[in-house]
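Asker: Sending over target.txt (compact mmCIF, C-alpha atoms).
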# COMPACT_ATOMS: atom_id res chain seq x y z
CA MET Y 345 -34.96 20.17 59.52
CA THR Y 346 -31.57 21.62 60.33
CA LEU Y 347 -29.49 23.53 57.80
CA ARG Y 348 -26.97 20.69 57.65
CA ALA Y 349 -29.72 18.17 56.89
CA ARG Y 350 -31.21 20.37 54.19
CA THR Y 351 -27.77 20.83 52.62
CA ALA Y 352 -27.13 17.08 52.66
CA ALA Y 353 -30.53 16.38 51.14
CA ALA Y 354 -29.92 18.94 48.38
CA SER Y 355 -26.50 17.43 47.70
CA ASN Y 356 -27.96 13.93 47.49
CA ALA Y 357 -30.65 15.19 45.14
CA ARG Y 358 -28.04 16.73 42.86
CA VAL Y 359 -26.06 13.48 42.85
CA ARG Y 360 -29.17 11.48 41.96
CA SER Y 361 -30.01 13.99 39.25
CA ARG Y 362 -26.54 13.68 37.73
CA ARG Y 363 -26.74 9.89 37.85
CA LEU Y 364 -30.14 9.93 36.16
CA ALA Y 365 -28.78 12.28 33.50
CA ARG Y 366 -25.84 9.92 32.83
CA VAL Y 367 -28.20 6.95 32.63
CA ARG Y 368 -30.40 8.81 30.13
CA ILE Y 369 -27.33 9.66 28.04
CA TRP Y 370 -26.18 6.01 28.05
CA LEU Y 371 -29.66 4.77 27.16
CA THR Y 372 -29.92 7.29 24.32
CA ALA Y 373 -26.48 6.28 23.00
CA ALA Y 374 -27.42 2.60 23.26
CA ALA Y 375 -30.65 3.21 21.34
CA PHE Y 376 -28.73 4.83 18.49
CA LEU Y 377 -25.97 2.18 18.52
CA LEU Y 378 -28.26 -0.83 18.80
CA PRO Y 379 -29.10 -1.13 15.05
CA ALA Y 380 -25.42 -0.93 14.14
CA LEU Y 381 -24.50 -3.48 16.82
CA ILE Y 382 -27.21 -5.85 15.61
CA GLY Y 383 -25.95 -5.51 12.04
CA LEU Y 384 -22.37 -6.08 13.23
CA LEU Y 385 -23.45 -9.19 15.09
CA ILE Y 386 -25.48 -10.66 12.23
CA LEU Y 387 -23.24 -9.68 9.32
CA ARG Y 388 -19.78 -9.92 10.87
CA ILE Y 389 -19.42 -11.68 14.20
CA ILE Y 390 -21.74 -14.66 13.64
CA PRO Y 391 -20.38 -15.42 10.11
CA THR Y 392 -16.82 -15.13 11.45
CA VAL Y 393 -17.51 -17.60 14.26
CA GLU Y 394 -19.22 -19.98 11.82
CA ALA Y 395 -16.32 -19.72 9.37
CA ILE Y 396 -13.82 -20.55 12.10
CA GLY Y 397 -15.94 -23.48 13.23
CA THR Y 398 -16.36 -24.78 9.68
CA SER Y 399 -12.64 -24.45 8.93
CA LEU Y 400 -11.82 -26.57 11.99
CA THR Y 401 -14.30 -29.34 11.14
CA ASN Y 402 -13.17 -32.32 9.09
CA LYS Y 403 -15.29 -34.71 7.02
CA VAL Y 404 -16.25 -36.84 10.02
CA GLY Y 405 -17.34 -33.81 12.06
CA THR Y 406 -14.46 -33.66 14.54
CA VAL Y 407 -12.16 -30.74 15.25
CA SER Y 408 -9.08 -30.82 13.03
CA PHE Y 409 -6.58 -28.56 11.28
CA SER Y 410 -6.60 -30.77 8.20
CA ASN Y 411 -8.41 -28.16 6.10
CA PHE Y 412 -5.57 -25.69 6.61
CA GLY Y 413 -3.02 -28.34 5.74
CA TYR Y 414 -4.99 -29.11 2.61
CA VAL Y 415 -5.24 -25.54 1.33
CA PHE Y 416 -1.55 -24.90 1.92
CA THR Y 417 -0.66 -27.93 -0.18
CA ASP Y 418 -3.16 -27.09 -2.91
CA PRO Y 419 -1.34 -25.65 -5.96
CA THR Y 420 -4.45 -23.72 -6.96
CA PHE Y 421 -4.62 -21.96 -3.59
CA LEU Y 422 -0.90 -21.19 -3.62
CA ASN Y 423 -1.24 -19.75 -7.12
CA ALA Y 424 -4.26 -17.67 -6.04
CA LEU Y 425 -2.28 -16.37 -3.08
CA LYS Y 426 0.65 -15.45 -5.33
CA VAL Y 427 -1.60 -13.72 -7.88
CA THR Y 428 -3.43 -11.81 -5.15
CA LEU Y 429 -0.20 -10.56 -3.57
CA LEU Y 430 1.16 -9.52 -6.97
CA PHE Y 431 -2.11 -7.79 -7.78
CA SER Y 432 -2.10 -5.84 -4.51
CA ILE Y 433 1.59 -4.91 -4.66
CA VAL Y 434 1.21 -3.48 -8.17
CA ILE Y 435 -2.21 -1.85 -8.00
CA ASN Y 436 -2.06 -0.21 -4.56
CA PRO Y 437 0.64 2.38 -5.32
CA ILE Y 438 -0.88 3.06 -8.74
CA GLN Y 439 -4.34 3.76 -7.34
CA ILE Y 440 -3.06 5.88 -4.45
CA ALA Y 441 -0.71 7.88 -6.68
CA LEU Y 442 -3.49 8.59 -9.20
CA ALA Y 443 -5.97 9.48 -6.44
CA LEU Y 444 -3.43 11.84 -4.85
CA TRP Y 445 -2.58 13.49 -8.17
CA LEU Y 446 -6.25 14.00 -9.00
CA ALA Y 447 -6.97 15.35 -5.52
CA VAL Y 448 -4.14 17.90 -5.81
CA VAL Y 449 -5.17 18.97 -9.31
CA LEU Y 450 -8.88 19.21 -8.53
CA THR Y 451 -8.34 21.38 -5.47
CA LYS Y 452 -6.69 24.01 -7.65
CA ARG Y 453 -8.52 26.63 -9.66
CA VAL Y 454 -9.17 24.40 -12.64
CA PRO Y 455 -11.87 25.40 -15.18
CA GLY Y 456 -14.91 23.17 -14.78
CA VAL Y 457 -13.53 21.50 -11.65
CA GLY Y 458 -17.03 20.48 -10.52
CA ILE Y 459 -17.68 18.68 -13.81
CA TRP Y 460 -14.33 16.89 -13.64
CA ARG Y 461 -14.97 15.74 -10.09
CA THR Y 462 -18.39 14.43 -11.09
CA LEU Y 463 -16.98 12.51 -14.05
CA ILE Y 464 -14.22 10.97 -11.93
CA LEU Y 465 -16.68 10.01 -9.19
CA LEU Y 466 -19.21 8.58 -11.65
CA PRO Y 467 -17.75 5.02 -11.64
CA ILE Y 468 -18.52 4.81 -7.91
CA ALA Y 469 -22.24 5.08 -8.64
CA VAL Y 470 -22.10 2.22 -11.16
CA PRO Y 471 -22.34 -1.31 -9.71
CA GLN Y 472 -19.16 -3.32 -10.18
CA ILE Y 473 -21.07 -5.94 -12.16
CA VAL Y 474 -22.16 -3.31 -14.68
CA SER Y 475 -18.64 -1.87 -14.84
CA ALA Y 476 -17.21 -5.33 -15.49
CA ILE Y 477 -19.69 -5.99 -18.31
CA VAL Y 478 -18.93 -2.63 -19.94
CA TRP Y 479 -15.18 -3.19 -19.72
CA GLY Y 480 -15.66 -6.73 -21.02
CA VAL Y 481 -17.14 -5.25 -24.19
CA LEU Y 482 -14.35 -2.68 -24.43
CA PHE Y 483 -11.67 -5.37 -24.00
CA ARG Y 484 -13.07 -7.77 -26.61
CA PRO Y 485 -10.58 -8.73 -29.35
CA ASP Y 486 -12.82 -6.87 -31.82
CA GLY Y 487 -13.85 -4.24 -29.29
CA PRO Y 488 -13.52 -0.45 -29.32
CA ILE Y 489 -10.12 -0.28 -27.57
CA ASN Y 490 -8.45 -2.58 -30.08
CA GLY Y 491 -10.22 -0.69 -32.86
CA ILE Y 492 -8.60 2.54 -31.66
CA LEU Y 493 -5.22 0.82 -31.40
CA GLU Y 494 -5.51 -0.53 -34.94
CA SER Y 495 -6.37 2.92 -36.24
CA LEU Y 496 -3.13 4.16 -34.65
CA GLY Y 497 -1.14 1.37 -36.28
CA ILE Y 498 -0.75 -0.64 -33.08
CA ALA Y 499 -1.37 -4.38 -33.02
CA PRO Y 500 -4.51 -5.52 -31.14
CA VAL Y 501 -3.96 -6.57 -27.53
CA PRO Y 502 -5.48 -9.85 -26.24
CA TRP Y 503 -6.67 -8.12 -23.08
CA LEU Y 504 -8.68 -10.81 -21.31
CA VAL Y 505 -7.64 -13.90 -23.25
CA SER Y 506 -3.88 -13.92 -22.70
CA PRO Y 507 -2.17 -14.83 -19.40
CA SER Y 508 0.26 -11.95 -19.92
CA THR Y 509 -2.41 -9.23 -20.12
CA ALA Y 510 -5.47 -10.57 -18.30
CA LEU Y 511 -4.35 -9.48 -14.81
CA LEU Y 512 -3.39 -6.07 -16.20
CA SER Y 513 -6.91 -5.75 -17.60
CA ILE Y 514 -8.41 -6.48 -14.17
CA MET Y 515 -6.09 -3.86 -12.67
CA ILE Y 516 -7.30 -1.28 -15.17
CA ILE Y 517 -10.94 -2.01 -14.33
CA CYS Y 518 -10.38 -1.85 -10.57
CA THR Y 519 -8.38 1.37 -10.90
CA TRP Y 520 -11.13 2.96 -12.99
CA VAL Y 521 -13.67 2.03 -10.34
CA GLY Y 522 -11.65 2.88 -7.23
CA VAL Y 523 -9.52 5.95 -7.92
CA GLY Y 524 -12.38 8.44 -7.72
CA TYR Y 525 -13.53 6.99 -4.41
CA TRP Y 526 -10.12 7.32 -2.77
CA MET Y 527 -9.69 10.76 -4.31
CA THR Y 528 -12.67 12.09 -2.31
CA PHE Y 529 -10.92 11.36 1.01
CA LEU Y 530 -7.74 13.08 -0.14
CA VAL Y 531 -9.66 16.10 -1.45
CA ALA Y 532 -11.28 16.43 1.98
CA GLY Y 533 -7.86 16.17 3.60
CA ILE Y 534 -6.40 18.89 1.38
CA LYS Y 535 -9.37 21.12 2.16
CA ASP Y 536 -8.55 20.77 5.89
CA ILE Y 537 -5.01 22.11 5.42
CA PRO Y 538 -4.99 25.83 6.40
CA SER Y 539 -4.67 28.01 3.31
CA SER Y 540 -2.47 30.37 5.33
CA LEU Y 541 0.34 27.81 5.08
CA TYR Y 542 0.26 27.98 1.29
CA GLU Y 543 0.06 31.78 1.34
CA ALA Y 544 3.04 32.01 3.68
CA SER Y 545 5.04 29.60 1.53
CA GLU Y 546 4.29 31.66 -1.58
CA LEU Y 547 5.63 34.75 0.17
CA ASP Y 548 8.80 32.79 0.94
CA GLY Y 549 9.12 31.89 -2.74
CA ALA Y 550 8.16 28.22 -2.51
CA GLY Y 551 6.87 26.72 -5.74
CA GLY Y 552 4.18 24.14 -6.29
CA TRP Y 553 6.51 21.15 -5.86
CA LYS Y 554 7.91 22.39 -2.54
CA GLN Y 555 4.40 23.18 -1.31
CA PHE Y 556 3.38 19.64 -2.17
CA LEU Y 557 6.36 18.08 -0.38
CA TYR Y 558 6.41 20.22 2.75
CA ILE Y 559 2.75 21.20 3.22
CA THR Y 560 0.37 18.93 1.30
CA LEU Y 561 2.00 15.57 2.04
CA PRO Y 562 2.53 16.17 5.79
CA GLY Y 563 -1.01 17.52 6.04
CA LEU Y 564 -2.37 14.42 4.30
CA ARG Y 565 -0.58 11.91 6.51
CA ARG Y 566 -3.69 10.61 8.24
CA PRO Y 567 -5.97 10.61 5.16
CA LEU Y 568 -3.23 8.86 3.20
CA LEU Y 569 -2.86 6.24 5.91
CA PHE Y 570 -6.60 5.58 5.84
CA VAL Y 571 -6.65 5.37 2.04
CA LEU Y 572 -3.64 3.03 2.03
CA VAL Y 573 -5.19 0.65 4.55
CA ALA Y 574 -8.70 0.74 3.04
CA ASP Y 575 -7.37 0.33 -0.51
CA THR Y 576 -5.24 -2.63 0.57
CA VAL Y 577 -8.22 -4.39 2.11
CA ALA Y 578 -10.42 -3.62 -0.91
CA ASN Y 579 -7.87 -5.02 -3.36
CA PHE Y 580 -7.52 -8.24 -1.39
CA LEU Y 581 -11.30 -8.66 -1.70
CA VAL Y 582 -11.72 -8.04 -5.46
CA PHE Y 583 -14.19 -10.55 -6.86
CA ALA Y 584 -16.86 -9.30 -9.29
CA PRO Y 585 -14.64 -8.32 -12.29
CA VAL Y 586 -12.73 -11.61 -12.06
CA ARG Y 587 -15.81 -13.78 -11.73
CA ILE Y 588 -17.68 -12.08 -14.56
CA LEU Y 589 -14.87 -11.66 -17.08
CA THR Y 590 -12.25 -14.39 -16.60
CA GLN Y 591 -13.39 -16.86 -13.87
CA GLY Y 592 -9.74 -16.89 -12.76
CA GLY Y 593 -8.31 -17.68 -16.19
CA PRO Y 594 -6.62 -17.85 -18.54
CA GLN Y 595 -4.35 -20.45 -16.93
CA GLY Y 596 -5.02 -19.12 -13.43
CA SER Y 597 -3.46 -15.73 -14.22
CA THR Y 598 -6.38 -13.81 -12.66
CA ASN Y 599 -7.42 -16.34 -10.03
CA LEU Y 600 -7.52 -13.94 -7.09
CA ILE Y 601 -8.10 -15.51 -3.71
CA MET Y 602 -11.74 -14.41 -3.43
CA ASN Y 603 -12.49 -16.20 -6.69
CA PHE Y 604 -10.70 -19.28 -5.35
CA ILE Y 605 -12.85 -19.20 -2.18
CA PHE Y 606 -16.02 -18.87 -4.25
CA GLU Y 607 -15.14 -21.82 -6.47
CA ARG Y 608 -14.06 -23.94 -3.51
CA ALA Y 609 -17.35 -23.29 -1.70
CA TYR Y 610 -19.92 -23.23 -4.51
CA VAL Y 611 -18.36 -25.05 -7.48
CA LEU Y 612 -16.42 -27.80 -5.72
CA ALA Y 613 -18.83 -27.95 -2.75
CA ASP Y 614 -16.04 -27.74 -0.18
CA PRO Y 615 -17.22 -25.18 2.42
CA ALA Y 616 -14.63 -26.31 4.96
CA GLY Y 617 -11.76 -25.67 2.54
CA ALA Y 618 -13.30 -22.34 1.55
CA ALA Y 619 -13.64 -21.36 5.22
CA ALA Y 620 -10.01 -22.28 5.88
CA ALA Y 621 -8.90 -20.17 2.90
CA THR Y 622 -11.05 -17.29 4.19
CA ILE Y 623 -9.39 -17.44 7.62
CA VAL Y 624 -5.98 -17.42 5.94
CA LEU Y 625 -7.01 -14.40 3.86
CA VAL Y 626 -8.22 -12.51 6.95
CA LEU Y 627 -4.95 -13.23 8.79
CA ILE Y 628 -2.90 -12.04 5.80
CA VAL Y 629 -4.90 -8.82 5.54
CA VAL Y 630 -4.57 -8.18 9.28
CA CYS Y 631 -0.79 -8.71 9.09
CA VAL Y 632 -0.40 -6.44 6.06
CA VAL Y 633 -2.52 -3.70 7.64
CA GLY Y 634 -0.59 -4.05 10.90
CA VAL Y 635 2.70 -3.55 9.05
CA GLN Y 636 1.26 -0.49 7.29
CA PHE Y 637 0.18 1.05 10.58
CA ARG Y 638 3.62 0.30 12.01
CA LEU Y 639 5.52 1.86 9.11
CA LEU Y 640 3.19 4.82 8.59
CA PRO Y 641 2.05 6.06 12.00
CA GLY Y 642 -0.77 8.58 11.89
CA LYS Y 643 0.46 10.61 14.84
CA ASP Y 644 1.27 14.29 14.63
Could I get this file's structure written as structure tokens?
Answerer:
Amino acid sequence: MTLRARTAAASNARVRSRRLARVRIWLTAAAFLLPALIGLLILRIIPTVEAIGTSLTNKVGTVSFSNFGYVFTDPTFLNALKVTLLFSIVINPIQIALALWLAVVLTKRVPGVGIWRTLILLPIAVPQIVSAIVWGVLFRPDGPINGILESLGIAPVPWLVSPSTALLSIMIICTWVGVGYWMTFLVAGIKDIPSSLYEASELDGAGGWKQFLYITLPGLRRPLLFVLVADTVANFLVFAPVRILTQGGPQGSTNLIMNFIFERAYVLADPAGAAAATIVLVLIVVCVVGVQFRLLPGKD
């Protein structure tokens, strides 16, 4: 065999070896991704396709948009949509501001910082159903919170039984559950900011407020964007506290859209209407998240 032939054969062998290596890498990646893809297919894609199909099916089994027309003329759905938007607009900035404040405080040299972090994260480990039951006891007219208020000379508050305070009560519960979770992402983001930036700013005479404005906030842009988007989606999907404590009452003041969908599907036996409301909810969430990404780009 000539030198040129041997060189060509060696080159072809190297090419085949590289191709086999790439194939092995792709097969390995596919083996690791397969369980997640199967779960995505079963838990997300198939239910989404079924929901779209159900929402477009009328009572006689033909394709129709009548279900969407019905939900948009249903006063209960319109009220649920209004309550959900109000709930999200009010609770999102409160939760994010509290999570950011706690993250900043608990990344300082605070005595017992590990204990404080554990206590703040503890609600995450408690199922929402349990949290709702506990808060239901606390918010009873003769419960501990009103007992403390009475001891301070303040009139008892009808937390869950008055239309003016019921939604506020749900906000308090959801904030108690969620703030610690969002705080963990912001703590991790603060930890990623180089400490040399803070040291240099101290040498330049910058105080804590200026460090927060010009170092911490810019360094937390991407974590804050993630927390904003994830918190928005989570608050649109709140269900357990409402279903357990108020069932959407009193007078529809806490009838968030997930509770409306549940009642439409399982109480009123209208899966097509519930599916149409679900599609509307998904589109609203996608639009809101799209606006957030547009207004708060995560680019450096």
Asker: For Asp575 in chain Y, please output as a PDB file with C-alpha atoms, in the frame of the given file all residues within 9 Å (counting all atoms listed in the file; exclusion window: fewer than 3 positions along the same chain).
Answerer:
ATOM      1  CA  ASN Y 436      -2.060  -0.210  -4.560  1.00  0.00           C
ATOM      2  CA  GLN Y 439      -4.340   3.760  -7.340  1.00  0.00           C
ATOM      3  CA  ILE Y 440      -3.060   5.880  -4.450  1.00  0.00           C
ATOM      4  CA  GLY Y 522     -11.650   2.880  -7.230  1.00  0.00           C
ATOM      5  CA  TRP Y 526     -10.120   7.320  -2.770  1.00  0.00           C
ATOM      6  CA  PHE Y 570      -6.600   5.580   5.840  1.00  0.00           C
ATOM      7  CA  VAL Y 571      -6.650   5.370   2.040  1.00  0.00           C
ATOM      8  CA  LEU Y 572      -3.640   3.030   2.030  1.00  0.00           C
ATOM      9  CA  ALA Y 578     -10.420  -3.620  -0.910  1.00  0.00           C
ATOM     10  CA  ASN Y 579      -7.870  -5.020  -3.360  1.00  0.00           C
ATOM     11  CA  PHE Y 580      -7.520  -8.240  -1.390  1.00  0.00           C
TER      12      PHE Y 580
END
Asker: Taking 5 positions as the minimum chain separation for residues in the same chain, which residues sit within 9 Å of Val448 in chain Y when counting only C-alpha atoms? Answer as a ChimeraX atom specification.
Answerer: /Y:443,530-531,534,556,560
Asker: Within 12 Å of range 551-555 of chain Y, counting only C-alpha atoms, which residues qualify if same-chain residues fewer than 2 places away don't, as a list in words?
Answerer: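 Residues near the query, excluding close chain neighbours: Val448, Val449, Lys452, Ile534, Ile537, Ser539, Ser540, Leu541, Tyr542, Glu543, Ala544, Ser545, Glu546, Leu547, Asp548, Gly549, Leu557, Tyr558, Ile559, Thr560, Leu561, Pro562 and Gly563 of chain Y.
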Asker: Keeping only C-alpha atoms, write those residues as an mmCIF file, keeping the file's coordinate frame.
Answerer:
data_model
loop_
_atom_site.group_PDB
_atom_site.id
_atom_site.type_symbol
_atom_site.label_atom_id
_atom_site.label_comp_id
_atom_site.auth_asym_id
_atom_site.auth_seq_id
_atom_site.Cartn_x
_atom_site.Cartn_y
_atom_site.Cartn_z
ATOM 1 C CA VAL Y 448 -4.140 17.900 -5.810
ATOM 2 C CA VAL Y 449 -5.170 18.970 -9.310
ATOM 3 C CA LYS Y 452 -6.690 24.010 -7.650
ATOM 4 C CA ILE Y 534 -6.400 18.890 1.380
ATOM 5 C CA ILE Y 537 -5.010 22.110 5.420
ATOM 6 C CA SER Y 539 -4.670 28.010 3.310
ATOM 7 C CA SER Y 540 -2.470 30.370 5.330
ATOM 8 C CA LEU Y 541 0.340 27.810 5.080
ATOM 9 C CA TYR Y 542 0.260 27.980 1.290
ATOM 10 C CA GLU Y 543 0.060 31.780 1.340
ATOM 11 C CA ALA Y 544 3.040 32.010 3.680
ATOM 12 C CA SER Y 545 5.040 29.600 1.530
ATOM 13 C CA GLU Y 546 4.290 31.660 -1.580
ATOM 14 C CA LEU Y 547 5.630 34.750 0.170
ATOM 15 C CA ASP Y 548 8.800 32.790 0.940
ATOM 16 C CA GLY Y 549 9.120 31.890 -2.740
ATOM 17 C CA LEU Y 557 6.360 18.080 -0.380
ATOM 18 C CA TYR Y 558 6.410 20.220 2.750
ATOM 19 C CA ILE Y 559 2.750 21.200 3.220
ATOM 20 C CA THR Y 560 0.370 18.930 1.300
ATOM 21 C CA LEU Y 561 2.000 15.570 2.040
ATOM 22 C CA PRO Y 562 2.530 16.170 5.790
ATOM 23 C CA GLY Y 563 -1.010 17.520 6.040
#
Asker: Kindly indicate which residue among Y:Asn599, Y:Ser475, Y:Thr420, Y:Asn402 lies nearest to Cys518 in chain Y, using all atoms listed in the file for the distances.
Answerer: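 The answer is Y:Ser475, which sits nearest to Cys518 in chain Y.
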Asker: What is the CA of Val573 in chain Y to CA of Arg587 in chain Y distance in Å?
Answerer: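 Straight-line distance from CA of Val573 in chain Y to CA of Arg587 in chain Y works out to 24.2 Å.
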Asker: Between Y:Val635, Y:Val626, Y:Ile396, Y:Phe583, which one has atoms that come closest to Phe606 in chain Y, using all atoms listed in the file?
Answerer: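 Nearest candidate to Phe606 in chain Y out of Y:Val635, Y:Val626, Y:Ile396, Y:Phe583: Y:Phe583.
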Asker: Excluding range 588-598 of chain Y and its own-chain neighbours fewer than 6 positions away, which residues fall within 12 Å of it when counting all atoms listed in the file? Please give them as a PyMOL selection string.
Answerer: chain Y and resi 419-431+472-484+502-515+517+582+604-607+611
Asker: Which residues are close to Pro500 in chain Y, i.e. within 12 Å by all atoms listed in the file, leaving aside same-chain residues fewer than 6 positions away? Reply as a PDB file with C-alpha atoms, in the frame of the given file.
Answerer:
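Wrote part-v1.pdb, looks like this:
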ATOM      1  CA  PHE Y 483     -11.670  -5.370 -24.000  1.00  0.00           C
ATOM      2  CA  ARG Y 484     -13.070  -7.770 -26.610  1.00  0.00           C
ATOM      3  CA  PRO Y 485     -10.580  -8.730 -29.350  1.00  0.00           C
ATOM      4  CA  ASP Y 486     -12.820  -6.870 -31.820  1.00  0.00           C
ATOM      5  CA  GLY Y 487     -13.850  -4.240 -29.290  1.00  0.00           C
ATOM      6  CA  PRO Y 488     -13.520  -0.450 -29.320  1.00  0.00           C
ATOM      7  CA  ILE Y 489     -10.120  -0.280 -27.570  1.00  0.00           C
ATOM      8  CA  ASN Y 490      -8.450  -2.580 -30.080  1.00  0.00           C
ATOM      9  CA  GLY Y 491     -10.220  -0.690 -32.860  1.00  0.00           C
ATOM     10  CA  ILE Y 492      -8.600   2.540 -31.660  1.00  0.00           C
ATOM     11  CA  LEU Y 493      -5.220   0.820 -31.400  1.00  0.00           C
ATOM     12  CA  GLU Y 494      -5.510  -0.530 -34.940  1.00  0.00           C
ATOM     13  CA  SER Y 506      -3.880 -13.920 -22.700  1.00  0.00           C
ATOM     14  CA  THR Y 509      -2.410  -9.230 -20.120  1.00  0.00           C
TER      15      THR Y 509
END
Asker: Between CA of Tyr525 in chain Y and CA of Ile468 in chain Y, what is the distance, to one decimal in Å?
Answerer: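 The value is 6.5 Å.
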Asker: Rounded to one decimal in Å, what is the spacing between CA of Leu381 in chain Y and CA of Ser361 in chain Y?
Answerer: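 Straight-line distance from CA of Leu381 in chain Y to CA of Ser361 in chain Y works out to 29.0 Å.
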Asker: Taking all atoms listed in the file into account, which of Y:Pro471, Y:Ala357, Y:Tyr610, Y:Leu564 comes nearest Pro538 in chain Y?
Answerer: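 That would be Y:Leu564, the residue with the smallest distance to Pro538 in chain Y.
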Asker: Missing atoms in range 582-601 of chain Y should be modelled up to N, CA and C atoms and reported as a PDB file, keeping the file's coordinate frame.
Answerer:
ATOM      1  N   VAL Y 582     -11.166  -8.192  -4.106  1.00  0.00           N
ATOM      2  CA  VAL Y 582     -11.720  -8.040  -5.460  1.00  0.00           C
ATOM      3  C   VAL Y 582     -12.304  -9.371  -5.934  1.00  0.00           C
ATOM      4  N   PHE Y 583     -13.525  -9.309  -6.445  1.00  0.00           N
ATOM      5  CA  PHE Y 583     -14.190 -10.550  -6.860  1.00  0.00           C
ATOM      6  C   PHE Y 583     -14.990 -10.386  -8.153  1.00  0.00           C
ATOM      7  N   ALA Y 584     -15.889  -9.394  -8.194  1.00  0.00           N
ATOM      8  CA  ALA Y 584     -16.860  -9.300  -9.290  1.00  0.00           C
ATOM      9  C   ALA Y 584     -16.210  -9.243 -10.672  1.00  0.00           C
ATOM     10  N   PRO Y 585     -15.213  -8.363 -10.930  1.00  0.00           N
ATOM     11  CA  PRO Y 585     -14.640  -8.320 -12.290  1.00  0.00           C
ATOM     12  C   PRO Y 585     -14.018  -9.655 -12.706  1.00  0.00           C
ATOM     13  N   VAL Y 586     -13.363 -10.324 -11.743  1.00  0.00           N
ATOM     14  CA  VAL Y 586     -12.730 -11.610 -12.060  1.00  0.00           C
ATOM     15  C   VAL Y 586     -13.781 -12.658 -12.387  1.00  0.00           C
ATOM     16  N   ARG Y 587     -14.800 -12.739 -11.552  1.00  0.00           N
ATOM     17  CA  ARG Y 587     -15.810 -13.780 -11.730  1.00  0.00           C
ATOM     18  C   ARG Y 587     -16.589 -13.588 -13.028  1.00  0.00           C
ATOM     19  N   ILE Y 588     -16.861 -12.353 -13.381  1.00  0.00           N
ATOM     20  CA  ILE Y 588     -17.680 -12.080 -14.560  1.00  0.00           C
ATOM     21  C   ILE Y 588     -16.873 -12.211 -15.850  1.00  0.00           C
ATOM     22  N   LEU Y 589     -15.623 -11.772 -15.825  1.00  0.00           N
ATOM     23  CA  LEU Y 589     -14.870 -11.660 -17.080  1.00  0.00           C
ATOM     24  C   LEU Y 589     -13.931 -12.830 -17.348  1.00  0.00           C
ATOM     25  N   THR Y 590     -13.288 -13.385 -16.339  1.00  0.00           N
ATOM     26  CA  THR Y 590     -12.250 -14.390 -16.600  1.00  0.00           C
ATOM     27  C   THR Y 590     -12.431 -15.686 -15.818  1.00  0.00           C
ATOM     28  N   GLN Y 591     -13.243 -15.688 -14.751  1.00  0.00           N
ATOM     29  CA  GLN Y 591     -13.390 -16.860 -13.870  1.00  0.00           C
ATOM     30  C   GLN Y 591     -12.035 -17.396 -13.388  1.00  0.00           C
ATOM     31  N   GLY Y 592     -11.074 -16.494 -13.227  1.00  0.00           N
ATOM     32  CA  GLY Y 592      -9.740 -16.890 -12.760  1.00  0.00           C
ATOM     33  C   GLY Y 592      -8.763 -17.215 -13.852  1.00  0.00           C
ATOM     34  N   GLY Y 593      -9.197 -17.343 -15.080  1.00  0.00           N
ATOM     35  CA  GLY Y 593      -8.310 -17.680 -16.190  1.00  0.00           C
ATOM     36  C   GLY Y 593      -7.779 -16.420 -16.859  1.00  0.00           C
ATOM     37  N   PRO Y 594      -7.084 -16.581 -17.960  1.00  0.00           N
ATOM     38  CA  PRO Y 594      -6.620 -17.850 -18.540  1.00  0.00           C
ATOM     39  C   PRO Y 594      -5.410 -18.412 -17.777  1.00  0.00           C
ATOM     40  N   GLN Y 595      -5.425 -19.717 -17.597  1.00  0.00           N
ATOM     41  CA  GLN Y 595      -4.350 -20.450 -16.930  1.00  0.00           C
ATOM     42  C   GLN Y 595      -4.092 -19.950 -15.517  1.00  0.00           C
ATOM     43  N   GLY Y 596      -5.152 -19.555 -14.825  1.00  0.00           N
ATOM     44  CA  GLY Y 596      -5.020 -19.120 -13.430  1.00  0.00           C
ATOM     45  C   GLY Y 596      -4.372 -17.779 -13.247  1.00  0.00           C
ATOM     46  N   SER Y 597      -4.192 -17.004 -14.322  1.00  0.00           N
ATOM     47  CA  SER Y 597      -3.460 -15.730 -14.220  1.00  0.00           C
ATOM     48  C   SER Y 597      -4.251 -14.650 -13.490  1.00  0.00           C
ATOM     49  N   THR Y 598      -5.571 -14.794 -13.390  1.00  0.00           N
ATOM     50  CA  THR Y 598      -6.380 -13.810 -12.660  1.00  0.00           C
ATOM     51  C   THR Y 598      -7.150 -14.458 -11.510  1.00  0.00           C
ATOM     52  N   ASN Y 599      -6.705 -15.620 -11.083  1.00  0.00           N
ATOM     53  CA  ASN Y 599      -7.420 -16.340 -10.030  1.00  0.00           C
ATOM     54  C   ASN Y 599      -7.101 -15.719  -8.669  1.00  0.00           C
ATOM     55  N   LEU Y 600      -7.699 -14.575  -8.382  1.00  0.00           N
ATOM     56  CA  LEU Y 600      -7.520 -13.940  -7.090  1.00  0.00           C
ATOM     57  C   LEU Y 600      -8.159 -14.798  -6.004  1.00  0.00           C
ATOM     58  N   ILE Y 601      -7.745 -14.581  -4.771  1.00  0.00           N
ATOM     59  CA  ILE Y 601      -8.100 -15.510  -3.710  1.00  0.00           C
ATOM     60  C   ILE Y 601      -9.601 -15.524  -3.422  1.00  0.00           C
TER      61      ILE Y 601
END
